Structure formats: C-alpha cells, structure tokens
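**Q** Pasting work-v2.csv below, which is CSV, C-alpha atoms.
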chain,number,residue,atom,x,y,z
A,1388,MET,CA,-25.4,14.3,-0.5
A,1389,PHE,CA,-23.5,16.1,-3.3
A,1390,GLU,CA,-24.0,19.7,-4.2
A,1391,LEU,CA,-26.2,20.5,-7.2
A,1392,GLU,CA,-23.5,22.7,-8.6
A,1393,PHE,CA,-21.1,19.7,-8.6
A,1394,CYS,CA,-23.6,17.4,-10.3
A,1395,LYS,CA,-24.4,20.0,-12.9
A,1396,LYS,CA,-20.8,20.7,-13.7
A,1397,PHE,CA,-20.0,17.1,-14.4
A,1398,ASN,CA,-23.5,16.1,-15.6
A,1399,ILE,CA,-23.8,13.5,-12.8
A,1400,VAL,CA,-27.0,11.4,-12.9
A,1401,SER,CA,-26.1,8.8,-10.3
A,1402,TYR,CA,-23.4,7.7,-7.9
A,1403,GLN,CA,-22.5,4.7,-5.8
A,1404,LEU,CA,-20.4,4.1,-2.7
A,1405,GLU,CA,-17.5,1.7,-3.6
A,1406,LYS,CA,-15.6,1.5,-0.3
A,1407,ARG,CA,-14.5,3.5,2.7
A,1408,PHE,CA,-11.0,4.3,3.7
A,1409,TYR,CA,-9.5,4.4,7.2
A,1410,SER,CA,-9.5,7.9,8.7
A,1411,LYS,CA,-9.5,9.0,12.4
A,1412,LYS,CA,-10.7,12.6,11.8
A,1413,ASN,CA,-12.7,12.6,8.5
A,1414,GLU,CA,-15.0,10.6,6.3
A,1415,VAL,CA,-13.1,9.3,3.3
A,1416,ALA,CA,-14.6,7.0,0.6
A,1417,LEU,CA,-14.4,6.0,-3.0
A,1418,TYR,CA,-17.5,6.7,-5.1
A,1419,SER,CA,-18.3,5.8,-8.7
A,1420,PHE,CA,-20.1,8.6,-10.6
A,1421,CYS,CA,-22.1,8.1,-13.8
A,1422,ASP,CA,-22.8,11.0,-16.1
A,1423,ALA,CA,-25.7,11.4,-18.7
A,1424,LYS,CA,-23.5,9.8,-21.4
A,1425,ASN,CA,-23.0,6.8,-19.2
A,1426,ASN,CA,-19.3,7.6,-18.6
A,1427,LEU,CA,-18.1,6.2,-15.2
A,1428,LYS,CA,-15.6,8.0,-13.0
A,1429,LYS,CA,-14.1,6.9,-9.7
A,1430,TRP,CA,-13.2,9.7,-7.4
A,1431,VAL,CA,-12.3,9.9,-3.7
A,1432,VAL,CA,-14.6,12.0,-1.6
A,1433,LYS,CA,-13.2,13.4,1.7
A,1434,HIS,CA,-15.5,15.1,4.1
A,1435,PHE,CA,-13.7,17.2,6.7
A,1436,SER,CA,-14.6,17.7,10.4
A,1437,SER,CA,-13.2,21.2,10.1
A,1438,PRO,CA,-13.5,23.8,7.3
A,1439,ARG,CA,-10.1,25.1,8.2
A,1440,ARG,CA,-8.5,21.7,7.7
A,1441,CYS,CA,-10.4,21.4,4.4
A,1442,ARG,CA,-9.0,24.7,3.1
A,1443,LYS,CA,-5.5,23.8,4.3
A,1444,GLU,CA,-5.6,20.5,2.4
A,1445,ALA,CA,-6.9,22.1,-0.8
A,1446,LYS,CA,-4.2,24.8,-0.6
A,1447,VAL,CA,-1.4,22.4,-0.1
A,1448,LEU,CA,-2.6,20.0,-2.8
A,1449,LYS,CA,-2.6,22.9,-5.3
A,1450,ILE,CA,0.9,24.0,-4.2
A,1451,LEU,CA,2.4,20.5,-4.5
A,1452,SER,CA,0.5,19.7,-7.8
A,1453,SER,CA,1.6,23.0,-9.4
A,1454,SER,CA,5.2,22.1,-8.4
A,1455,GLY,CA,5.1,18.8,-10.2
A,1456,LEU,CA,4.7,16.6,-7.1
A,1457,ALA,CA,2.7,13.3,-7.4
A,1458,VAL,CA,-0.5,14.0,-5.5
A,1459,PRO,CA,-4.2,13.5,-6.3
A,1460,GLY,CA,-5.7,16.2,-8.5
A,1461,ILE,CA,-8.6,18.1,-7.1
A,1462,ILE,CA,-11.8,17.5,-9.1
A,1463,TYR,CA,-14.1,19.7,-7.0
A,1464,SER,CA,-13.9,21.3,-3.5
A,1465,THR,CA,-16.1,23.2,-1.0
A,1466,ASN,CA,-15.5,24.4,2.6
A,1467,HIS,CA,-16.2,20.9,4.0
A,1468,CYS,CA,-15.3,18.5,1.2
A,1469,ILE,CA,-12.7,17.7,-1.5
A,1470,ILE,CA,-13.4,15.4,-4.4
A,1471,MET,CA,-10.1,14.2,-5.9
A,1472,GLU,CA,-8.6,11.7,-8.2
A,1473,TYR,CA,-8.4,8.1,-7.1
A,1474,ILE,CA,-4.8,6.8,-7.1
A,1475,GLN,CA,-4.7,3.0,-7.5
A,1476,GLY,CA,-1.9,1.2,-5.7
A,1477,GLU,CA,-1.0,0.1,-2.2
A,1478,THR,CA,-0.1,2.2,0.7
A,1479,LEU,CA,3.4,2.2,1.9
A,1480,LEU,CA,2.1,0.7,5.2
A,1481,ALA,CA,0.6,-2.3,3.3
A,1482,TRP,CA,3.9,-2.6,1.4
A,1483,LEU,CA,5.9,-2.5,4.7
A,1484,GLU,CA,3.7,-5.1,6.4
A,1485,LYS,CA,3.9,-7.4,3.3
A,1486,SER,CA,7.7,-7.0,3.1
A,1487,GLU,CA,8.2,-7.9,6.8
A,1488,GLN,CA,5.8,-10.9,6.6
A,1489,THR,CA,7.7,-12.3,3.7
A,1490,ALA,CA,11.1,-11.5,5.4
A,1491,ALA,CA,12.1,-9.4,2.4
A,1492,PRO,CA,15.7,-8.2,2.8
A,1493,VAL,CA,15.8,-4.6,4.1
A,1494,ALA,CA,18.7,-3.9,1.9
A,1495,GLY,CA,16.3,-4.2,-1.0
A,1496,THR,CA,14.3,-1.2,0.1
A,1497,THR,CA,16.9,1.3,-0.9
A,1498,GLY,CA,15.3,2.2,-4.2
A,1499,LEU,CA,11.9,2.8,-2.6
A,1500,LEU,CA,13.4,4.9,0.2
A,1501,THR,CA,15.4,7.0,-2.3
A,1502,ALA,CA,12.2,7.7,-4.2
A,1503,LEU,CA,10.4,8.7,-1.0
A,1504,ALA,CA,13.4,10.9,0.0
A,1505,SER,CA,13.1,12.6,-3.4
A,1506,TRP,CA,9.4,13.2,-3.0
A,1507,LEU,CA,9.9,14.6,0.5
A,1508,GLN,CA,12.7,16.9,-0.6
A,1509,ASP,CA,10.6,18.3,-3.5
A,1510,ALA,CA,7.6,18.8,-1.2
A,1511,TYR,CA,9.6,20.7,1.4
A,1512,GLN,CA,11.1,22.9,-1.2
A,1513,ALA,CA,7.7,23.6,-2.8
A,1514,LEU,CA,6.2,24.4,0.5
A,1515,HIS,CA,9.1,26.7,1.5
A,1516,ARG,CA,8.7,28.6,-1.7
A,1517,ALA,CA,4.9,29.0,-1.2
A,1518,TYR,CA,5.0,30.0,2.5
A,1519,GLY,CA,8.4,31.6,2.8
A,1520,HIS,CA,9.6,29.4,5.7
A,1521,SER,CA,10.1,25.8,6.5
A,1522,MET,CA,6.9,23.7,6.4
A,1523,ILE,CA,6.4,20.1,7.2
A,1524,LEU,CA,3.7,17.5,6.5
A,1525,GLY,CA,2.8,16.9,10.1
A,1526,ASP,CA,1.2,13.6,9.5
A,1527,VAL,CA,3.8,11.3,7.9
A,1528,ASN,CA,2.0,8.0,8.5
A,1529,LEU,CA,2.9,5.4,5.9
A,1530,ARG,CA,-0.9,5.2,5.2
A,1531,ASN,CA,-0.5,8.6,3.6
A,1532,PHE,CA,1.8,7.4,0.8
A,1533,ILE,CA,0.6,5.3,-2.2
A,1534,LEU,CA,3.0,3.2,-4.2
A,1535,SER,CA,1.7,3.2,-7.8
A,1536,GLU,CA,3.8,4.0,-10.9
A,1537,CYS,CA,5.6,6.3,-8.5
A,1538,ILE,CA,5.1,7.4,-4.9
A,1539,TYR,CA,2.0,9.6,-4.3
A,1540,GLY,CA,1.5,11.7,-1.2
A,1541,LEU,CA,-1.9,12.1,0.6
A,1542,ASP,CA,-3.5,13.9,3.5
A,1543,PHE,CA,-2.0,17.4,4.1
A,1544,GLU,CA,-4.5,19.0,6.5
A,1545,GLU,CA,-1.9,18.9,9.3
A,1546,CYS,CA,0.8,20.6,7.2
A,1547,ARG,CA,2.5,23.3,9.5
A,1548,ALA,CA,5.7,25.2,10.2
A,1549,GLY,CA,8.5,23.0,11.4
A,1550,SER,CA,11.7,21.2,10.6
A,1551,PRO,CA,12.0,18.1,8.4
A,1552,GLU,CA,13.7,16.3,11.4
A,1553,GLU,CA,10.3,16.4,13.1
A,1554,ASP,CA,8.6,14.7,10.2
A,1555,LEU,CA,11.3,12.0,9.9
A,1556,GLY,CA,11.4,11.4,13.7
A,1557,ARG,CA,7.6,10.8,13.7
A,1558,LEU,CA,7.9,8.6,10.7
A,1559,CYS,CA,10.5,6.4,12.5
A,1560,ALA,CA,8.3,6.2,15.6
A,1561,PHE,CA,5.3,5.1,13.5
A,1562,VAL,CA,7.4,2.5,11.7
A,1563,LEU,CA,8.6,1.0,15.0
A,1564,THR,CA,5.1,0.8,16.5
A,1565,TYR,CA,3.2,-0.7,13.6
A,1566,ASN,CA,1.9,-4.1,14.7
A,1567,PRO,CA,3.9,-6.1,15.6
A,1568,GLY,CA,5.9,-3.4,17.2
A,1569,PHE,CA,9.7,-3.1,17.8
A,1570,THR,CA,10.7,-6.1,15.7
A,1571,LEU,CA,14.3,-6.5,14.5
A,1572,TRP,CA,13.1,-6.1,10.9
A,1573,LYS,CA,11.6,-2.7,11.8
A,1574,TYR,CA,14.7,-1.5,13.5
A,1575,ARG,CA,16.6,-2.4,10.4
A,1576,PHE,CA,14.1,-0.5,8.3
A,1577,VAL,CA,14.6,2.6,10.5
A,1578,ALA,CA,18.3,2.1,10.1
A,1579,ALA,CA,17.7,2.2,6.3
A,1580,ILE,CA,15.7,5.4,6.7
A,1581,LYS,CA,18.6,6.8,8.6
A,1582,ASN,CA,21.1,5.8,5.9
A,1583,VAL,CA,19.0,6.8,2.9
A,1584,ILE,CA,16.3,9.5,3.7
A,1585,ALA,CA,18.2,11.4,6.4
A,1586,ALA,CA,21.3,11.3,4.3
A,1587,GLU,CA,19.6,12.4,1.1
A,1588,LEU,CA,17.9,15.3,2.9
A,1589,ASN,CA,21.1,16.2,4.8
A,1590,LEU,CA,19.3,16.0,8.2
A,1591,SER,CA,20.8,15.7,11.6
A,1592,TRP,CA,20.1,12.2,12.8
A,1593,GLN,CA,20.6,13.3,16.4
A,1594,ARG,CA,17.6,15.6,16.0
A,1595,VAL,CA,15.6,13.0,14.1
A,1596,PHE,CA,16.3,10.5,16.9
A,1597,THR,CA,15.3,13.0,19.6
A,1598,GLU,CA,12.0,13.7,17.7
A,1599,MET,CA,11.4,9.9,17.4
A,1600,LEU,CA,11.8,9.5,21.2
A,1601,LYS,CA,9.5,12.4,21.8
A,1602,GLU,CA,6.8,10.9,19.6
A,1603,LEU,CA,7.1,7.5,21.2
A,1604,GLU,CA,6.6,9.1,24.6
A,1605,GLN,CA,3.5,10.9,23.3
A,1606,MET,CA,2.2,7.7,21.8
A,1607,SER,CA,2.7,6.0,25.2
A,1608,LYS,CA,0.6,8.6,26.9
A,1609,ARG,CA,-2.1,8.6,24.2
A,1610,ARG,CA,-2.5,4.9,24.2
A,1611,ASN,CA,-2.0,4.5,27.9
A,1612,GLU,CA,0.6,1.8,27.4
A,1613,GLN,CA,3.9,1.1,29.1
A,1614,ASN,CA,6.7,3.5,28.3
A,1615,MET,CA,7.6,2.9,24.6
A,1616,GLN,CA,11.1,4.2,25.1
A,1617,ALA,CA,11.7,1.2,27.3
A,1618,ALA,CA,10.3,-1.0,24.6
A,1619,LEU,CA,12.6,0.7,22.1
A,1620,ARG,CA,15.6,-0.1,24.3
A,1621,GLY,CA,14.4,-3.6,24.9
A,1622,ASN,CA,16.0,-4.9,21.8
A,1623,GLU,CA,19.6,-3.8,22.4
A,1624,HIS,CA,20.9,-4.9,19.0
A,1625,GLY,CA,18.0,-3.0,17.2
A,1626,PHE,CA,18.6,0.1,19.4
A,1627,ARG,CA,22.3,0.2,18.4
A,1628,LEU,CA,21.3,0.0,14.7
A,1629,ILE,CA,19.4,3.3,15.0
A,1630,SER,CA,21.3,5.2,17.7
A,1631,PRO,CA,23.1,8.4,16.7
Let me see whether you can do it: turn the structure in this file into structure tokens.
**A**
Amino acid sequence: MFELEFCKKFNIVSYQLEKRFYSKKNEVALYSFCDAKNNLKKWVVKHFSSPRRCRKEAKVLKILSSSGLAVPGIIYSTNHCIIMEYIQGETLLAWLEKSEQTAAPVAGTTGLLTALASWLQDAYQALHRAYGHSMILGDVNLRNFILSECIYGLDFEECRAGSPEEDLGRLCAFVLTYNPGFTLWKYRFVAAIKNVIAAELNLSWQRVFTEMLKELEQMSKRRNEQNMQAALRGNEHGFRLISP
C-alpha cells in the first residue's frame, strides 16, 4: 500500500490502520507506523481522488506552515497521497455541537472566535503573498479546524481565488444547517461570528450575508430540500440577529 521509498526513508517495518476520518472526496485515515527500532509514529494518510487536488493541498500546506500558521506538517507526499502529522484534539464542529447541547452561553465563545479570526487573517495574508492576489480556503467547514493547544487548519485542496466574504458567508451557512438546523443558539453563534470574525477581518457583513444566502440556496438544490432561505427567515428573532 505504501511506497517502498517511503518505507525505506523512515525504516518502516509494519503499519496498522487506527481509524478512518469522514471525507466526501478522499480516503483519510490514521495509521500507526513501526520502524526497525520499534519506534511508533501515528500519521494521517490522505489519498486524493485527483492528483491536481493533492498537489494543491501540498503546496498550500507548505505556504501556510512556512508562514507560521498552525497546520499539520507534511511527512511525505506523492502525486496521489500526503502523509502528515496527526493533530490530537476535537474539531470545531464537535466543539460547536457539544456547546449547543450543553446550552453553553454564546457570549463565552468570543475567545475562540478571536483565535479563529487571527488564524484566518494570517492565512489570507500568507496566501496573498504567495499567489499575488486574494485567495480563500474554499472549504470552511468546521470539520476542517481542530481545537488543540491552538486552532489548526486542515484540508486546503479547494483553496482558490476569491474574497474572504465568500469564505465567511459559507461558514455561516454551514453553521446554521448543522443538525439540528436553524436553532436560536446557532443564530446567536452566527451573530457572534458577525461581531467578532467579520469585525476583526474588517469584512462587509452585507457581502458576507449575501454569500451566506447564496450558499443556502445551493445547499437547498444539492440536498433537494425545501428552500433554506425560507427556513432561515422562519425564526424571525434569529434572522434579525444576523441581518445586515
């Protein structure tokens, strides 16, 4: 399964699958690798469906890492696979679900959102320096951020040209539709995103809001569900919290 060159480089004599991670497009799993001296390493192995996506992710990881961003380090890469550091912690999606289930005050999320805003700002600046124009992450699902000793970013194969308002609008759409969708707690969390992240990044909330509605409409079509904009407006109090 693993290239001979990789096994020789790290003197790997055996390996074992530990667990698989959720991914729509690729195969992502945690493996334990044992070398000839019986040293054990746990690394994440990501097999890509497209060589282009693999090369994009490797390039962006290197750009962000060299700029001091908290991202997994690359252990080894090919045209179809990246083996990278395993970051222990919980995803921001797991954190959000737990916070809502325990009815944690949304006001208490300011510190985390400030840290996420700082990570995003540094990432956008690093990508702009590398590419010479505004670049965004593309996939800003909360599954792609890990809360450890700091916030780590993951999954950069959809990184592309664009404006940060697009990213934040999609992030807000994702937040509102995580199960259970369109709850008052989630509206309040999006309002906190508006007050913290949009403000820290000096973004136009009108543009963010427009991108959010656009993404909700696309979700509605992809999932063949009733119009999500109608669901968004269904909670008038929540809608007022996040309106421009």
**Q** Go ahead and compute the interatomic distance for atom CA of A:Glu1477 and atom CA of A:Ala1504, in Å to one decimal.
**A**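 Separating atom CA of A:Glu1477 from atom CA of A:Ala1504 is a distance of 18.1 Å.
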**Q** Which of these residues is nearest to A:Val1583, using only C-alpha atoms: A:Leu1571, A:Leu1500, A:Val1595, A:Met1606?
**A**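 Ranked by minimum distance to A:Val1583, first place goes to A:Leu1500.
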**Q** Taking (14.8, 11.2, 18.4) in the file's coordinates as the center, which residues reach within 10 Å of it, counting all atoms listed in the file, put as number ranges by chain?
**A** A: 1552-1553, 1555-1557, 1559-1560, 1592-1603, 1629-1631
**Q** Hey, which of A:Thr1564, A:Ser1401, A:Asn1582, A:Asn1589 ends up closest to A:Leu1529? Count only C-alpha atoms.
**A** A:Thr1564
**Q** Residues of stretch 1563-1611 of chain A that have any atom at most 9 Å from an atom of stretch 1481-1490 of chain A: could you tabulate them with the shortest-distance atom pair and the distance in Å to one decimal, using only C-alpha atoms, ordered by chain and increasing number, as CSV?
**A**
residue,atom,partner,partner_atom,distance
A:Tyr1565,CA,A:Glu1484,CA,8.5
A:Asn1566,CA,A:Glu1484,CA,8.6
A:Trp1572,CA,A:Glu1487,CA,6.6
A:Lys1573,CA,A:Glu1487,CA,8.0
**Q** So for stretch 1602-1605 of chain A, what box centre and size do we get, axis-aligned, 3 Å extra on each of the six sides, every listed atom, Å to one decimal, as lines of an AutoDock Vina configuration file?
**A**
center_x = 5.3
center_y = 9.2
center_z = 22.1
size_x = 9.6
size_y = 9.4
size_z = 11.0
**Q** When you draw a straight line from atom CA of A:Cys1468 to atom CA of A:His1434, how long is it in Å?
**A**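 About the pair atom CA of A:Cys1468 and atom CA of A:His1434: they are 4.5 Å apart.
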**Q** Counting all atoms listed in the file, what is within 12 Å of A:Arg1440, bar same-chain residues fewer than 5 positions away, as a compact mmCIF listing (two decimals) with C-alpha atoms, in the frame of the given file?
**A**
# COMPACT_ATOMS: atom_id res chain seq x y z
CA LYS A 1412 -10.70 12.60 11.80
CA ASN A 1413 -12.70 12.60 8.50
CA LYS A 1433 -13.20 13.40 1.70
CA HIS A 1434 -15.50 15.10 4.10
CA PHE A 1435 -13.70 17.20 6.70
CA ALA A 1445 -6.90 22.10 -0.80
CA LYS A 1446 -4.20 24.80 -0.60
CA VAL A 1447 -1.40 22.40 -0.10
CA THR A 1465 -16.10 23.20 -1.00
CA ASN A 1466 -15.50 24.40 2.60
CA HIS A 1467 -16.20 20.90 4.00
CA CYS A 1468 -15.30 18.50 1.20
CA ILE A 1469 -12.70 17.70 -1.50
CA ASP A 1542 -3.50 13.90 3.50
CA PHE A 1543 -2.00 17.40 4.10
CA GLU A 1544 -4.50 19.00 6.50
CA GLU A 1545 -1.90 18.90 9.30
CA CYS A 1546 0.80 20.60 7.20
CA ARG A 1547 2.50 23.30 9.50
**Q** From the options A:Ser1607, A:Ile1584, A:Ala1578, A:Ser1521, which residue's atoms come nearest to A:Arg1627, counting all atoms listed in the file?
**A** A:Ala1578
**Q** List as a PDB file with C-alpha atoms, in the frame of the given file the protein and nucleic acid residues near stretch 1417-1429 of chain A, meaning an atom at most 10 Å away when only C-alpha atoms are counted, but skip any in the same chain fewer than 6 places from it.
**A**
ATOM      1  CA  CYS A1394     -23.600  17.400 -10.300  1.00  0.00           C
ATOM      2  CA  LYS A1395     -24.400  20.000 -12.900  1.00  0.00           C
ATOM      3  CA  PHE A1397     -20.000  17.100 -14.400  1.00  0.00           C
ATOM      4  CA  ASN A1398     -23.500  16.100 -15.600  1.00  0.00           C
ATOM      5  CA  ILE A1399     -23.800  13.500 -12.800  1.00  0.00           C
ATOM      6  CA  VAL A1400     -27.000  11.400 -12.900  1.00  0.00           C
ATOM      7  CA  SER A1401     -26.100   8.800 -10.300  1.00  0.00           C
ATOM      8  CA  TYR A1402     -23.400   7.700  -7.900  1.00  0.00           C
ATOM      9  CA  GLN A1403     -22.500   4.700  -5.800  1.00  0.00           C
ATOM     10  CA  LEU A1404     -20.400   4.100  -2.700  1.00  0.00           C
ATOM     11  CA  GLU A1405     -17.500   1.700  -3.600  1.00  0.00           C
ATOM     12  CA  LYS A1406     -15.600   1.500  -0.300  1.00  0.00           C
ATOM     13  CA  ARG A1407     -14.500   3.500   2.700  1.00  0.00           C
ATOM     14  CA  PHE A1408     -11.000   4.300   3.700  1.00  0.00           C
ATOM     15  CA  ILE A1470     -13.400  15.400  -4.400  1.00  0.00           C
ATOM     16  CA  MET A1471     -10.100  14.200  -5.900  1.00  0.00           C
ATOM     17  CA  GLU A1472      -8.600  11.700  -8.200  1.00  0.00           C
ATOM     18  CA  TYR A1473      -8.400   8.100  -7.100  1.00  0.00           C
ATOM     19  CA  ILE A1474      -4.800   6.800  -7.100  1.00  0.00           C
TER      20      ILE A1474
END
**Q** Pick out the closest residue to A:Phe1569 from this set: A:Ala1618, A:Cys1441, A:Leu1503, A:Leu1480. Count only C-alpha atoms.
**A** A:Ala1618
**Q** Could you list, as a VMD selection string, every residue within 12 Å of A:Ser1453, counting all atoms listed in the file and ignoring same-chain residues fewer than 6 positions away?
**A** chain A and resid 1446 to 1447 1459 to 1461 1509 to 1510 1513 to 1514 1516 to 1517
**Q** Those selected residues, please, written with C-alpha atoms and delivered as a CSV table (one decimal), keeping the file's coordinate frame.
**A**
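Once everything was written out, this is again-v8.csv:
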chain,number,residue,atom,x,y,z
A,1446,LYS,CA,-4.2,24.8,-0.6
A,1447,VAL,CA,-1.4,22.4,-0.1
A,1459,PRO,CA,-4.2,13.5,-6.3
A,1460,GLY,CA,-5.7,16.2,-8.5
A,1461,ILE,CA,-8.6,18.1,-7.1
A,1509,ASP,CA,10.6,18.3,-3.5
A,1510,ALA,CA,7.6,18.8,-1.2
A,1513,ALA,CA,7.7,23.6,-2.8
A,1514,LEU,CA,6.2,24.4,0.5
A,1516,ARG,CA,8.7,28.6,-1.7
A,1517,ALA,CA,4.9,29.0,-1.2
**Q** Under the rule that only C-alpha atoms are counted, which of A:Met1388, A:Val1431, A:Val1577, A:Cys1537 is the nearest residue to A:Ser1505?
**A** A:Cys1537
**Q** Counting all atoms listed in the file, which of A:Leu1524, A:Leu1588, A:Ile1450, A:Val1432 gets nearest to A:Ala1502?
**A** A:Leu1588
**Q** Between atom CA of A:Gly1549 and atom CA of A:Ala1579, what is the distance in Å, rounded to a tenth?
**A**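 Taking atom CA of A:Gly1549 as the start and atom CA of A:Ala1579 as the end point, the length is 23.3 Å.
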**Q** List every protein, DNA or RNA residue that has an atom no more than 8 Å from (-0.5, 7.9, 4.6) in the file's coordinate frame, counting all atoms listed in the file, and report them as a list of chain:residue names.
**A**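 Using all atoms listed in the file, the matching residues come out as A:Thr1478, A:Leu1479, A:Leu1480, A:Asp1526, A:Val1527, A:Asn1528, A:Leu1529, A:Arg1530, A:Asn1531, A:Phe1532, A:Ile1533, A:Gly1540, A:Leu1541, A:Asp1542.
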**Q** Taking the block just given, write stretch 1492-1513 of chain A to a file that holds C-alpha atoms, as a PDB file, in the first residue's frame.
**A**
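Result file is out_19.pdb:
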ATOM      1  CA  PRO A1492     -23.574  30.796  26.633  1.00  0.00           C
ATOM      2  CA  VAL A1493     -22.702  32.045  23.157  1.00  0.00           C
ATOM      3  CA  ALA A1494     -21.083  35.059  24.811  1.00  0.00           C
ATOM      4  CA  GLY A1495     -18.423  32.682  26.084  1.00  0.00           C
ATOM      5  CA  THR A1496     -17.268  31.839  22.552  1.00  0.00           C
ATOM      6  CA  THR A1497     -15.594  35.205  21.944  1.00  0.00           C
ATOM      7  CA  GLY A1498     -12.102  33.950  22.783  1.00  0.00           C
ATOM      8  CA  LEU A1499     -12.343  31.009  20.400  1.00  0.00           C
ATOM      9  CA  LEU A1500     -13.774  33.171  17.594  1.00  0.00           C
ATOM     10  CA  THR A1501     -10.999  35.724  18.109  1.00  0.00           C
ATOM     11  CA  ALA A1502      -8.414  32.940  17.765  1.00  0.00           C
ATOM     12  CA  LEU A1503     -10.140  31.664  14.611  1.00  0.00           C
ATOM     13  CA  ALA A1504     -10.233  35.196  13.192  1.00  0.00           C
ATOM     14  CA  SER A1505      -6.498  35.559  13.829  1.00  0.00           C
ATOM     15  CA  TRP A1506      -5.780  32.225  12.100  1.00  0.00           C
ATOM     16  CA  LEU A1507      -7.905  33.190   9.088  1.00  0.00           C
ATOM     17  CA  GLN A1508      -6.341  36.628   8.793  1.00  0.00           C
ATOM     18  CA  ASP A1509      -2.818  35.194   8.887  1.00  0.00           C
ATOM     19  CA  ALA A1510      -3.792  32.531   6.332  1.00  0.00           C
ATOM     20  CA  TYR A1511      -5.266  35.057   3.895  1.00  0.00           C
ATOM     21  CA  GLN A1512      -2.186  37.257   4.192  1.00  0.00           C
ATOM     22  CA  ALA A1513       0.181  34.331   3.639  1.00  0.00           C
TER      23      ALA A1513
END
